[in-house]
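Engineer: This is start34.txt, which holds compact mmCIF, C-alpha atoms:
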```txt
# COMPACT_ATOMS: atom_id res chain seq x y z
CA MET F 1 -193.86 -11.47 -46.61
CA LYS F 2 -192.53 -10.78 -43.12
CA VAL F 3 -193.26 -7.33 -41.69
CA LYS F 4 -191.20 -6.05 -38.79
CA VAL F 5 -193.03 -3.84 -36.28
CA ILE F 6 -191.73 -1.68 -33.49
CA SER F 7 -192.51 -3.26 -30.14
CA ARG F 8 -191.62 -2.33 -26.56
CA ASN F 9 -191.63 -4.71 -23.66
CA PRO F 10 -193.40 -3.01 -20.70
CA ASP F 11 -191.18 -4.88 -18.24
CA ASN F 12 -188.23 -2.84 -19.43
CA TYR F 13 -189.64 0.60 -18.63
CA VAL F 14 -192.79 0.36 -16.44
CA ARG F 15 -192.36 0.62 -12.64
CA GLU F 16 -193.94 -2.03 -10.47
CA THR F 17 -194.83 0.47 -7.71
CA LYS F 18 -194.86 4.23 -7.37
CA LYS F 19 -191.89 4.13 -5.05
CA ASP F 20 -189.63 2.48 -7.57
CA ILE F 21 -187.06 4.59 -9.45
CA HIS F 22 -187.59 5.28 -13.14
CA LYS F 23 -185.31 3.23 -15.32
CA VAL F 24 -182.81 5.27 -17.28
CA PHE F 25 -181.69 3.81 -20.58
CA ARG F 26 -177.99 4.15 -21.01
CA ASN F 27 -175.83 3.85 -24.10
CA TYR F 28 -172.83 1.74 -23.16
CA ASP F 29 -170.90 2.72 -26.30
CA SER F 30 -167.83 4.52 -24.97
CA SER F 31 -167.45 6.56 -28.17
CA LEU F 32 -170.83 8.28 -27.66
CA HIS F 33 -171.28 10.77 -24.87
CA PRO F 34 -174.78 11.14 -23.32
CA PHE F 35 -174.49 14.94 -23.45
CA GLU F 36 -172.96 15.17 -26.91
CA GLU F 37 -175.81 17.29 -28.35
CA ALA F 38 -175.68 19.75 -25.47
CA ARG F 39 -171.92 20.05 -25.78
CA GLU F 40 -172.14 20.70 -29.52
CA TYR F 41 -174.76 23.38 -28.96
CA VAL F 42 -172.53 25.20 -26.45
CA ARG F 43 -169.60 24.98 -28.87
CA ALA F 44 -171.76 26.33 -31.71
CA LEU F 45 -172.94 29.20 -29.51
CA ASN F 46 -169.37 30.07 -28.52
CA ALA F 47 -168.19 29.85 -32.14
CA THR F 48 -170.98 32.20 -33.24
CA LYS F 49 -170.09 34.70 -30.51
CA LEU F 50 -166.38 34.55 -31.39
CA GLU F 51 -167.21 35.09 -35.04
CA ARG F 52 -168.89 38.38 -34.17
CA VAL F 53 -166.05 39.34 -31.78
CA PHE F 54 -163.43 38.89 -34.52
CA ALA F 55 -165.57 40.41 -37.29
CA LYS F 56 -163.24 43.20 -38.41
CA PRO F 57 -163.69 43.41 -42.18
CA PHE F 58 -161.77 46.61 -42.94
CA VAL F 59 -158.28 45.81 -44.25
CA GLY F 60 -157.00 49.18 -45.47
CA ASN F 61 -157.51 52.08 -47.84
CA LEU F 62 -155.77 53.30 -50.99
CA ASP F 63 -155.62 57.09 -50.75
CA GLY F 64 -154.09 59.58 -53.16
CA HIS F 65 -156.93 60.72 -55.39
CA LYS F 66 -157.78 64.42 -55.36
CA ASP F 67 -161.45 63.93 -56.20
CA GLY F 68 -164.19 61.34 -55.71
CA ILE F 69 -163.79 57.83 -57.16
CA SER F 70 -166.03 57.13 -60.13
CA VAL F 71 -164.96 53.68 -61.45
CA LEU F 72 -162.84 50.64 -60.57
CA ALA F 73 -161.40 47.95 -62.87
CA LYS F 74 -159.88 44.57 -62.01
CA HIS F 75 -157.13 42.95 -64.03
CA ALA F 76 -158.23 39.75 -65.76
CA LYS F 77 -155.16 37.70 -64.77
CA CYS F 78 -153.24 39.65 -62.13
CA LEU F 79 -154.63 39.78 -58.58
CA THR F 80 -152.33 42.58 -57.45
CA MET F 81 -153.31 45.18 -60.06
CA LEU F 82 -156.28 47.52 -59.66
CA LEU F 83 -157.28 50.62 -61.63
CA SER F 84 -159.33 53.49 -60.24
CA GLY F 85 -160.66 56.56 -62.02
CA SER F 86 -161.86 59.78 -60.42
CA TYR F 87 -164.04 62.79 -61.20
CA ASP F 88 -161.04 64.93 -62.23
CA GLY F 89 -159.94 62.62 -65.08
CA GLU F 90 -157.14 60.94 -63.15
CA VAL F 91 -156.50 57.18 -63.30
CA LYS F 92 -154.26 55.41 -60.78
CA LEU F 93 -152.67 51.97 -60.99
CA TRP F 94 -152.47 50.32 -57.58
CA ASP F 95 -150.29 47.60 -56.16
CA VAL F 96 -152.97 46.20 -53.86
CA PRO F 97 -150.93 43.94 -51.50
CA ASN F 98 -148.49 46.77 -50.72
CA ARG F 99 -151.24 49.46 -50.88
CA LEU F 100 -149.08 51.64 -53.11
CA CYS F 101 -149.89 53.75 -56.14
CA ARG F 102 -147.48 52.64 -58.87
CA GLN F 103 -148.51 55.16 -61.51
CA THR F 104 -150.82 58.14 -61.99
CA VAL F 105 -152.09 59.12 -65.42
CA VAL F 106 -154.31 62.08 -66.34
CA CYS F 107 -156.44 60.35 -68.95
CA HIS F 108 -159.32 62.75 -69.57
CA ASP F 109 -160.53 66.30 -69.15
CA GLY F 110 -163.28 65.85 -66.60
CA TYR F 111 -165.18 62.82 -65.37
CA VAL F 112 -163.75 59.32 -66.00
CA ARG F 113 -166.87 57.41 -66.99
CA GLY F 114 -165.46 53.94 -67.42
CA ILE F 115 -162.39 51.71 -67.42
CA SER F 116 -162.06 48.24 -68.89
CA PHE F 117 -159.14 45.84 -69.31
CA SER F 118 -158.65 43.90 -72.54
CA ASN F 119 -159.31 40.16 -72.38
CA ASP F 120 -155.57 39.38 -72.04
CA GLY F 121 -154.92 42.26 -69.61
CA SER F 122 -152.15 43.83 -71.70
CA ARG F 123 -154.15 47.03 -72.39
CA PHE F 124 -156.91 49.01 -70.78
CA PHE F 125 -159.47 51.41 -72.22
CA THR F 126 -160.80 54.59 -70.62
CA ILE F 127 -163.69 56.87 -71.52
CA GLY F 128 -164.59 60.31 -70.21
CA ASP F 129 -166.70 63.40 -70.63
CA ASP F 130 -164.28 64.69 -73.30
CA LYS F 131 -165.91 62.18 -75.73
CA CYS F 132 -162.67 60.22 -76.12
CA ILE F 133 -161.92 56.51 -76.02
CA LYS F 134 -158.27 56.02 -75.12
CA THR F 135 -156.21 52.85 -75.18
CA TRP F 136 -153.33 52.52 -72.71
CA ASP F 137 -150.55 50.02 -72.09
CA SER F 138 -151.00 48.10 -68.82
CA ASN F 139 -147.22 48.06 -68.32
CA LEU F 140 -147.29 51.68 -67.16
CA ILE F 141 -146.59 50.25 -63.73
CA ASP F 142 -143.06 49.38 -64.87
CA SER F 143 -142.40 52.77 -66.43
CA ASP F 144 -140.65 55.68 -64.70
CA GLU F 145 -141.99 58.37 -67.02
CA ASP F 146 -144.43 60.94 -65.73
CA ASP F 147 -146.06 61.93 -69.03
CA HIS F 148 -147.70 58.99 -70.71
CA GLU F 149 -149.25 58.96 -74.14
CA PRO F 150 -152.13 56.64 -75.05
CA LEU F 151 -151.59 53.93 -77.63
CA ASN F 152 -154.68 55.11 -79.48
CA THR F 153 -157.34 57.85 -79.15
CA ILE F 154 -160.79 57.80 -80.72
CA LEU F 155 -162.91 60.96 -80.71
CA CYS F 156 -166.66 60.27 -80.63
CA LYS F 157 -169.56 62.52 -81.53
CA THR F 158 -171.38 62.17 -78.19
CA VAL F 159 -170.54 61.56 -74.55
CA ILE F 160 -169.91 57.90 -73.72
CA THR F 161 -171.18 56.72 -70.33
CA ALA F 162 -169.89 53.11 -70.02
CA ILE F 163 -167.54 50.61 -71.61
CA SER F 164 -167.21 46.82 -71.44
CA HIS F 165 -164.70 44.50 -73.13
CA ASN F 166 -165.47 41.11 -74.62
CA TYR F 167 -164.06 38.25 -72.51
CA GLU F 168 -162.68 36.25 -75.46
CA GLU F 169 -162.45 38.37 -78.61
CA PRO F 170 -160.77 41.76 -79.37
CA PHE F 171 -164.06 43.69 -79.27
CA PHE F 172 -165.45 46.19 -76.81
CA ALA F 173 -168.82 47.88 -76.45
CA THR F 174 -169.61 51.46 -75.46
CA CYS F 175 -172.91 53.10 -74.70
CA GLY F 176 -174.24 56.65 -74.55
CA GLU F 177 -176.99 57.75 -76.87
CA THR F 178 -176.55 54.45 -78.72
CA CYS F 179 -174.68 51.17 -78.29
CA HIS F 180 -171.53 50.81 -80.43
CA ILE F 181 -169.44 47.68 -81.00
CA TRP F 182 -165.76 48.43 -81.66
CA ASP F 183 -162.82 46.44 -82.95
CA GLU F 184 -159.53 47.22 -81.19
CA THR F 185 -157.79 47.64 -84.56
CA ARG F 186 -160.29 50.17 -86.00
CA ASN F 187 -161.17 53.76 -85.17
CA SER F 188 -164.82 53.52 -86.20
CA PRO F 189 -167.52 51.26 -84.77
CA ILE F 190 -168.17 48.06 -86.65
CA LYS F 191 -171.79 47.97 -85.54
CA THR F 192 -174.39 50.32 -84.05
CA LEU F 193 -177.34 48.91 -82.10
CA GLN F 194 -180.16 51.32 -81.25
CA TRP F 195 -183.58 50.97 -79.65
CA GLY F 196 -184.59 54.63 -79.43
CA VAL F 197 -183.93 55.65 -75.82
CA ASP F 198 -182.28 58.88 -74.71
CA THR F 199 -179.29 57.55 -72.76
CA LEU F 200 -177.73 54.21 -71.86
CA TYR F 201 -176.04 54.36 -68.45
CA ASP F 202 -174.28 51.02 -68.17
CA ILE F 203 -173.39 48.08 -70.39
CA ARG F 204 -171.93 44.66 -69.54
CA TYR F 205 -170.75 41.69 -71.58
CA ASN F 206 -171.79 38.24 -70.41
CA PRO F 207 -168.69 36.37 -69.15
CA VAL F 208 -170.06 32.96 -70.24
CA GLU F 209 -172.01 33.65 -73.42
CA THR F 210 -169.49 36.23 -74.56
CA SER F 211 -171.51 37.63 -77.46
CA LEU F 212 -174.41 38.73 -75.26
CA MET F 213 -174.69 42.14 -73.56
CA ALA F 214 -177.17 44.00 -71.42
CA ALA F 215 -177.53 47.74 -70.89
CA CYS F 216 -179.41 49.96 -68.43
CA CYS F 217 -181.21 52.92 -70.00
CA SER F 218 -182.81 56.16 -68.90
CA ASP F 219 -186.41 55.12 -69.60
CA ARG F 220 -186.20 52.56 -66.74
CA GLY F 221 -185.46 49.77 -69.21
CA ILE F 222 -182.93 46.97 -69.59
CA ILE F 223 -181.97 46.18 -73.20
CA PHE F 224 -180.37 42.91 -74.32
CA TYR F 225 -178.00 42.81 -77.28
CA ASP F 226 -176.15 40.18 -79.29
CA GLN F 227 -173.11 41.52 -81.14
CA ARG F 228 -173.74 38.96 -83.91
CA GLU F 229 -177.18 40.45 -84.64
CA ILE F 230 -178.06 43.65 -86.48
CA ARG F 231 -180.57 44.91 -83.90
CA PRO F 232 -181.29 44.58 -80.14
CA LEU F 233 -182.94 41.39 -78.94
CA ARG F 234 -185.34 42.32 -76.16
CA LYS F 235 -186.20 44.97 -73.61
CA ILE F 236 -187.95 45.04 -70.24
CA VAL F 237 -189.20 48.18 -68.49
CA MET F 238 -189.17 48.40 -64.69
CA THR F 239 -190.91 50.73 -62.24
CA LEU F 240 -187.76 52.74 -61.46
CA ARG F 241 -184.47 53.23 -63.25
CA PRO F 242 -181.74 50.55 -63.03
CA ASN F 243 -178.30 52.02 -62.30
CA GLN F 244 -175.99 49.07 -62.97
CA LEU F 245 -176.11 45.37 -63.66
CA ALA F 246 -173.79 42.40 -63.22
CA TRP F 247 -173.90 38.97 -64.89
CA ASN F 248 -173.44 35.80 -62.87
CA PRO F 249 -169.98 34.50 -63.91
CA MET F 250 -170.98 30.84 -63.46
CA GLN F 251 -174.55 30.78 -64.81
CA ALA F 252 -174.96 32.61 -68.09
CA TYR F 253 -178.68 33.30 -67.82
CA TYR F 254 -178.71 35.02 -64.39
CA PHE F 255 -178.00 38.70 -63.80
CA THR F 256 -178.58 41.17 -60.97
CA VAL F 257 -179.68 44.78 -61.33
CA ALA F 258 -179.04 47.64 -58.88
CA SER F 259 -182.13 49.84 -58.91
CA GLU F 260 -183.09 53.34 -57.91
CA ASP F 261 -185.89 51.98 -55.65
CA TYR F 262 -183.39 50.82 -52.96
CA ASN F 263 -183.55 47.15 -54.08
CA LEU F 264 -181.59 44.71 -56.20
CA TYR F 265 -183.30 42.29 -58.56
CA THR F 266 -181.96 38.94 -59.77
CA PHE F 267 -183.45 37.93 -63.14
CA ASP F 268 -183.43 34.83 -65.28
CA THR F 269 -183.18 35.81 -68.97
CA ARG F 270 -185.47 32.89 -69.84
CA LYS F 271 -188.29 34.27 -67.65
CA LEU F 272 -188.26 38.05 -67.61
CA GLN F 273 -191.89 38.48 -66.48
CA LYS F 274 -190.74 38.88 -62.88
CA PRO F 275 -187.46 38.75 -60.93
CA LEU F 276 -186.37 35.50 -59.32
CA LYS F 277 -185.47 37.29 -56.10
CA ILE F 278 -185.81 40.80 -54.67
CA HIS F 279 -182.87 41.74 -52.44
CA GLY F 280 -183.65 44.45 -49.88
CA GLY F 281 -181.86 46.15 -47.03
CA HIS F 282 -180.57 49.40 -48.49
CA VAL F 283 -182.36 52.62 -47.58
CA SER F 284 -181.26 54.67 -50.57
CA ALA F 285 -180.57 54.19 -54.28
CA VAL F 286 -178.28 51.25 -55.07
CA THR F 287 -175.52 52.53 -57.34
CA CYS F 288 -173.27 49.54 -58.09
CA VAL F 289 -173.12 45.75 -57.97
CA ASP F 290 -170.52 43.05 -58.66
CA TYR F 291 -170.52 39.24 -58.42
CA ALA F 292 -168.09 36.98 -56.61
CA PRO F 293 -166.10 34.69 -58.95
CA THR F 294 -168.02 31.71 -57.53
CA GLY F 295 -171.37 33.17 -58.64
CA ARG F 296 -172.94 32.39 -55.26
CA GLU F 297 -172.73 35.89 -53.76
CA PHE F 298 -172.58 39.51 -54.86
CA VAL F 299 -171.74 42.85 -53.29
CA ALA F 300 -173.69 46.08 -53.69
CA GLY F 301 -172.91 49.69 -52.82
CA SER F 302 -175.48 52.37 -52.16
CA TYR F 303 -176.05 56.08 -51.74
CA ASP F 304 -176.79 55.36 -48.05
CA LYS F 305 -172.99 55.01 -47.43
CA THR F 306 -173.06 51.25 -46.79
CA VAL F 307 -171.88 48.13 -48.61
CA ARG F 308 -173.96 44.96 -48.38
CA ILE F 309 -173.08 41.37 -49.26
CA TYR F 310 -175.89 39.10 -50.47
CA ASP F 311 -176.35 35.43 -51.10
CA ALA F 312 -177.57 35.21 -54.70
CA HIS F 313 -180.59 33.13 -53.62
CA LYS F 314 -181.60 35.04 -50.47
CA ALA F 315 -183.52 38.27 -50.05
CA ASN F 316 -181.61 39.75 -47.10
CA SER F 317 -177.94 40.63 -46.91
CA ARG F 318 -175.62 38.40 -44.89
CA ASP F 319 -173.35 41.32 -43.93
CA VAL F 320 -173.17 45.11 -44.07
CA TYR F 321 -169.97 47.19 -44.04
CA HIS F 322 -169.69 50.87 -43.17
CA THR F 323 -167.30 53.40 -41.65
CA LYS F 324 -167.76 56.86 -40.22
CA ARG F 325 -165.78 58.52 -43.00
CA MET F 326 -167.14 56.62 -46.00
CA GLN F 327 -169.59 58.65 -48.09
CA HIS F 328 -171.76 57.65 -51.05
CA VAL F 329 -170.44 54.41 -52.55
CA THR F 330 -170.03 54.79 -56.32
CA CYS F 331 -168.29 51.55 -57.38
CA VAL F 332 -167.57 48.09 -55.98
CA GLY F 333 -165.58 45.04 -57.05
CA TRP F 334 -165.02 41.50 -55.80
CA SER F 335 -161.45 40.19 -56.13
CA LEU F 336 -160.87 37.17 -58.35
CA ASP F 337 -159.46 35.11 -55.47
CA ASN F 338 -162.83 35.46 -53.66
CA LYS F 339 -161.22 36.92 -50.53
CA TYR F 340 -161.50 40.71 -50.80
CA ILE F 341 -163.91 43.45 -51.81
CA TYR F 342 -162.95 46.83 -53.28
CA THR F 343 -165.11 49.94 -52.86
CA GLY F 344 -164.75 53.46 -54.19
CA SER F 345 -166.64 56.40 -52.72
CA ASP F 346 -167.10 60.15 -52.93
CA GLU F 347 -164.49 61.06 -50.33
CA MET F 348 -161.51 60.10 -52.58
CA ASN F 349 -160.64 56.72 -51.02
CA VAL F 350 -160.53 53.20 -52.38
CA ARG F 351 -161.17 50.78 -49.52
CA LEU F 352 -160.20 47.13 -49.18
CA TRP F 353 -162.46 44.78 -47.18
CA LYS F 354 -162.48 41.11 -46.33
CA ALA F 355 -165.22 39.16 -48.08
CA ARG F 356 -165.82 37.28 -44.81
CA ALA F 357 -165.55 39.65 -41.90
CA SER F 358 -164.11 37.22 -39.32
CA GLU F 359 -161.76 35.32 -41.63
CA LYS F 360 -158.19 35.05 -40.40
CA LEU F 361 -155.64 36.43 -42.86
CA GLY F 362 -152.36 34.71 -43.65
CA ALA F 363 -151.28 31.08 -43.68
CA LEU F 364 -153.16 28.64 -41.45
CA GLN F 365 -151.82 25.58 -39.68
CA PRO F 366 -153.54 22.24 -40.41
CA ARG F 367 -155.00 22.19 -36.87
CA GLU F 368 -156.43 25.69 -37.38
CA LYS F 369 -158.04 24.69 -40.66
CA GLN F 370 -159.59 21.64 -39.01
CA ALA F 371 -160.88 23.71 -36.08
CA PHE F 372 -162.45 26.33 -38.38
CA LYS F 373 -164.07 23.59 -40.47
CA TYR F 374 -165.50 21.97 -37.32
CA GLN F 375 -166.86 25.32 -36.08
CA ASP F 376 -168.48 26.05 -39.45
CA ALA F 377 -170.17 22.64 -39.39
CA LEU F 378 -171.53 23.28 -35.88
CA LYS F 379 -172.82 26.74 -36.81
CA GLU F 380 -174.58 25.29 -39.83
CA LYS F 381 -176.11 22.49 -37.74
CA PHE F 382 -177.58 24.87 -35.12
CA ALA F 383 -178.21 27.84 -37.46
CA ALA F 384 -181.98 27.68 -36.91
CA HIS F 385 -181.73 27.87 -33.12
CA PRO F 386 -183.24 31.23 -31.99
CA GLN F 387 -180.35 32.38 -29.83
CA ILE F 388 -177.66 31.44 -32.34
CA ARG F 389 -179.65 32.96 -35.20
CA ARG F 390 -180.11 36.22 -33.29
CA ILE F 391 -176.38 36.56 -32.59
CA ALA F 392 -175.35 35.60 -36.12
CA GLN F 393 -177.75 38.01 -37.85
CA HIS F 394 -177.37 41.05 -35.62
CA ARG F 395 -175.50 43.98 -37.19
CA HIS F 396 -174.81 47.49 -35.96
CA VAL F 397 -175.70 50.06 -38.63
CA PRO F 398 -175.52 53.86 -38.64
CA LYS F 399 -178.38 55.58 -36.86
CA MET F 400 -179.61 57.18 -40.08
CA VAL F 401 -179.84 53.78 -41.79
CA HIS F 402 -181.66 52.28 -38.80
CA LYS F 403 -184.24 55.10 -38.71
CA GLU F 404 -184.81 55.08 -42.47
CA ARG F 405 -185.30 51.32 -42.46
CA GLN F 406 -188.02 51.65 -39.80
CA LYS F 407 -189.77 54.30 -41.93
CA LEU F 408 -189.62 52.10 -45.03
CA GLN F 409 -191.05 49.13 -43.13
CA THR F 410 -193.92 51.30 -41.90
CA VAL F 411 -194.67 52.46 -45.45
CA LYS F 412 -194.59 48.89 -46.82
CA GLN F 413 -196.94 47.67 -44.08
CA LYS F 414 -199.30 50.56 -44.78
CA VAL F 415 -199.43 49.81 -48.52
CA LYS F 416 -199.93 46.10 -47.89
CA ARG F 417 -202.72 46.75 -45.38
CA LYS F 418 -204.46 49.11 -47.80
CA GLU F 419 -204.36 46.53 -50.62
CA GLU F 420 -205.79 43.87 -48.33
CA ASN F 421 -208.61 46.16 -47.21
CA VAL F 422 -209.48 47.06 -50.82
CA ARG F 423 -209.51 43.38 -51.78
CA LYS F 424 -211.60 42.48 -48.72
CA ASN F 425 -214.24 45.11 -49.43
CA SER F 426 -214.52 44.47 -53.18
CA ARG F 427 -216.45 41.94 -55.16
CA PRO F 428 -214.67 38.56 -55.21
CA GLY F 429 -212.21 38.44 -58.10
CA LYS F 430 -212.40 42.15 -58.94
CA VAL F 431 -209.09 43.01 -57.25
CA PRO F 432 -206.82 39.98 -57.80
CA TYR F 433 -203.71 39.41 -55.76
CA VAL F 434 -200.52 40.37 -57.62
CA ALA F 435 -197.16 39.09 -56.41
CA GLU F 436 -194.62 41.73 -55.46
CA GLY F 437 -192.18 40.64 -58.15
CA LYS F 438 -194.71 41.05 -60.98
CA LYS F 439 -195.28 44.68 -59.97
CA LYS F 440 -191.64 45.53 -60.66
CA VAL F 441 -191.66 44.68 -64.40
CA LEU F 442 -194.12 46.88 -66.27
CA ARG F 443 -193.79 45.38 -69.75
CA GLN F 444 -191.61 43.47 -72.21
CA GLU F 445 -190.72 44.54 -75.72
CA SER F 446 -189.10 42.61 -78.52
```
As structure tokens, what does this structure read like?

Structural biologist:
Amino acid sequence: MKVKVISRNPDNYVRETKKDIHKVFRNYDSSLHPFEEAREYVRALNATKLERVFAKPFVGNLDGHKDGISVLAKHAKCLTMLLSGSYDGEVKLWDVPNRLCRQTVVCHDGYVRGISFSNDGSRFFTIGDDKCIKTWDSNLIDSDEDDHEPLNTILCKTVITAISHNYEEPFFATCGETCHIWDETRNSPIKTLQWGVDTLYDIRYNPVETSLMAACCSDRGIIFYDQREIRPLRKIVMTLRPNQLAWNPMQAYYFTVASEDYNLYTFDTRKLQKPLKIHGGHVSAVTCVDYAPTGREFVAGSYDKTVRIYDAHKANSRDVYHTKRMQHVTCVGWSLDNKYIYTGSDEMNVRLWKARASEKLGALQPREKQAFKYQDALKEKFAAHPQIRRIAQHRHVPKMVHKERQKLQTVKQKVKRKEENVRKNSRPGKVPYVAEGKKKVLRQES
């Protein structure tokens, strides 16, 4: 067996005397430049700076509501249609590209708690504090009438807090004191699933495994249902109350929860002992969350008046959006073409944002596409360089958010230091180390 070894001939690189000039090895290949790496670094640095210069995510706002926005709903097949409901019972149908309100319908007396399109998009369902479930025709946008009547009205015994429609079958689920499964053709629930909690705040069907659901409840729990079963499947209890959850549209077993403790938690339904990832950054309760259609990212809105975009596998947000006029964010949505984000807030406006802050809108020439692709490759290659990383990650946030984040970091460091001191001054093994994720799930029930 012949083994090749690396060898260097000293005659090629050792000087005979001290006065001789060091030999410089030169690559005679004309296609390779000796300063190619340095040139690419400068180009990556300039591309990163230009990305921050052109980072203007705000596209426009849809104004016309007379009270704060409570819910948003995306059409399943039409990118241009968006529904928004407000605190005064009003629902508006928007033509998003033209930023026009096509129709306004007073659906409920009081708070609009939820809106959901049917799986084919021909109808939508609304619920409110008047204990009614109303079915409406989605073609209201083509009607010139001012007074619209619902296709069907169901009066319930208790207040309903959330609604979600099955992605494949003509069923929808509502939650309040209990979870009800409804058939579109019947005025009474076909199934009632109850665990024994006071109130369920939010419920969501799984877009992949369409029979599965998950609900957030008032006792800090998350309950999992299967509409084919006669009772709930499982429940986990967290340290603080979850406000809303969203399923990953590409991976059926992942979901993300927006919690009252300023964090978001991504779980795997196969391992509910602890979250896969804890997403931080917000400085107040996280109220809403929605996934991108690719399943790789999600957007979250908070009571701290900011919107953050997260990579599903990373703890920190990649971007944060805010304006001076935007108040508490109550609902968010990610468009099905993966280009825009919708947000609704307390000050009566629905806002439209770019999913990537520096992305150029409109048609691109082939040379532009090639240039952007080349710049993205360079930024990825030098992403770990300190100067490029500092520029790419820096974000201006409101002063209140900046101050609160410093306070939270101080508190976390204090708690961590106290735990370490207790462990250091105790008998070995008496105070075991517990990972941060395991502290967030108190118990499981089945």

Engineer: Could you check which residues have any atom within 12 Å of (-175.3, 33.3, -38.5), counting all atoms listed in the file with coordinates taken straight from the file, and then list them as a PyMOL selection string?

Structural biologist: chain F and resi 44-45+47-52+317-319+358+375-395

Engineer: Report, in Å with one decimal, the straight-line distance from CA of Phe224 (chain F) to CA of Leu212 (chain F).

Structural biologist: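 Answer for the CA of Phe224 (chain F) to CA of Leu212 (chain F) separation: 7.3 Å.
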
Engineer: Kindly give the distance, in Å, that separates CA of Pro428 (chain F) and CA of Gln413 (chain F), rounded to a single decimal.

Structural biologist: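 Going from CA of Pro428 (chain F) over to CA of Gln413 (chain F), I get 22.8 Å.
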
Engineer: If you take only C-alpha atoms and a cut-off of 12 Å, which residues of region 128-235 of chain F touch region 257-262 of chain F, and what are their nearest atom pairs and distances in Å to one decimal, in chain and number order, as a tab-separated table?

Structural biologist:
```
residue	atom	partner	partner_atom	distance
F:Asp202	CA	F:Val257	CA	10.7
F:Ile203	CA	F:Val257	CA	11.5
F:Arg204	CA	F:Val257	CA	11.3
F:Ala214	CA	F:Val257	CA	10.4
F:Ala215	CA	F:Val257	CA	10.2
F:Cys216	CA	F:Val257	CA	8.8
F:Cys217	CA	F:Ser259	CA	11.5
F:Ser218	CA	F:Glu260	CA	11.3
F:Arg220	CA	F:Ser259	CA	9.2
F:Gly221	CA	F:Ser259	CA	10.8
F:Ile222	CA	F:Val257	CA	9.1
```

Engineer: Could you pull out every residue with an atom within 12 Å of (-169.8, 63.8, -65.1), file coordinates, counting all atoms listed in the file, and send them as a list in words?

Structural biologist: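 Output: Gly68, Ile69, Ser70, Val71, Ser86, Tyr87, Asp88, Gly89, His108, Asp109, Gly110, Tyr111, Val112, Arg113, Gly114, Ile127, Gly128, Asp129, Asp130, Lys131, Val159, Ile160, Thr161, Ala162 and Tyr201 of chain F.
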
Engineer: Using all atoms listed in the file, find the one residue out of F:Asp67, F:Glu16, F:Glu184, F:Asp137 that sits nearest to Ile154 (chain F).

Structural biologist: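 Ranked by minimum distance to Ile154 (chain F), first place goes to F:Glu184.
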
Engineer: As an exercise, work out the distance from CA of Lys134 (chain F) to CA of Pro97 (chain F) in Å and give it to one decimal place.

Structural biologist: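 So the answer is 27.5 Å.
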
Engineer: Return as lines of an AutoDock Vina configuration file the box centre and box size in Å, one decimal, for an axis-aligned box around all listed atoms of region 323-337 of chain F padded by 3 Å per side.

Structural biologist:
```
center_x = -165.6
center_y = 46.9
center_z = -49.3
size_x = 18.3
size_y = 29.5
size_z = 24.1
```

Engineer: Could you produce a table of the residues of region 375-406 of chain F lying within 12 Å of region 299-315 of chain F, with the nearest pair of atoms per residue and their separation in Å rounded to one decimal, using only C-alpha atoms, ordered by chain and increasing residue number, as CSV?

Structural biologist:
```
residue,atom,partner,partner_atom,distance
F:Arg395,CA,F:Arg308,CA,11.3
F:His396,CA,F:Thr306,CA,11.6
F:Val397,CA,F:Thr306,CA,8.7
F:Pro398,CA,F:Thr306,CA,8.9
F:Lys399,CA,F:Asp304,CA,11.3
F:Met400,CA,F:Asp304,CA,8.6
F:Val401,CA,F:Asp304,CA,7.1
F:His402,CA,F:Asp304,CA,10.9
F:Lys403,CA,F:Asp304,CA,12.0
F:Glu404,CA,F:Asp304,CA,9.8
F:Arg405,CA,F:Asp304,CA,11.0
```

Engineer: Find, counting all atoms listed in the file, the residue in F:Lys439, F:Lys416, F:His328, F:Lys66 that gets nearest to Gly344 (chain F).

Structural biologist: F:His328

Engineer: Do a neighbour search on Asn12 (chain F) at 12 Å with only C-alpha atoms, toss out local chain neighbours closer than 3 positions, and write the hits as a list in words.

Structural biologist: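 Near neighbours after the sequence-gap exclusion: Ser7, Arg8, Asn9, Arg15, Glu16, His22, Lys23, Val24 and Phe25 of chain F.
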
Engineer: Of the candidates F:Val59, F:Leu233, F:Leu151, F:Leu442, which shows the shortest atom-to-atom distance to Arg123 (chain F), using all atoms listed in the file?

Structural biologist: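 Ranking F:Val59, F:Leu233, F:Leu151, F:Leu442 by distance to Arg123 (chain F), first place goes to F:Leu151.
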
Engineer: So, counting only C-alpha atoms, which residue among F:Val208, F:Gly280, F:Ile133, F:Thr174 is closest to Asn187 (chain F)?

Structural biologist: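 Closest residue, counting only C-alpha atoms: F:Ile133.
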
Engineer: Please list as a list in words every residue within 7 Å of Val91 (chain F), counting only C-alpha atoms and excluding residues in the same chain fewer than 5 positions away.

Structural biologist: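 Everything that qualifies: Leu83, Ser84, Gly85, Ser86, Thr104, Val105, Val106 and Cys107 of chain F.
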
Engineer: What lies within 12 Å of Glu209 (chain F) using all atoms listed in the file, ignoring chain neighbours under 5 positions off, as a ChimeraX atom specification?

Structural biologist: /F:166-169,204,214,225-228,247-254
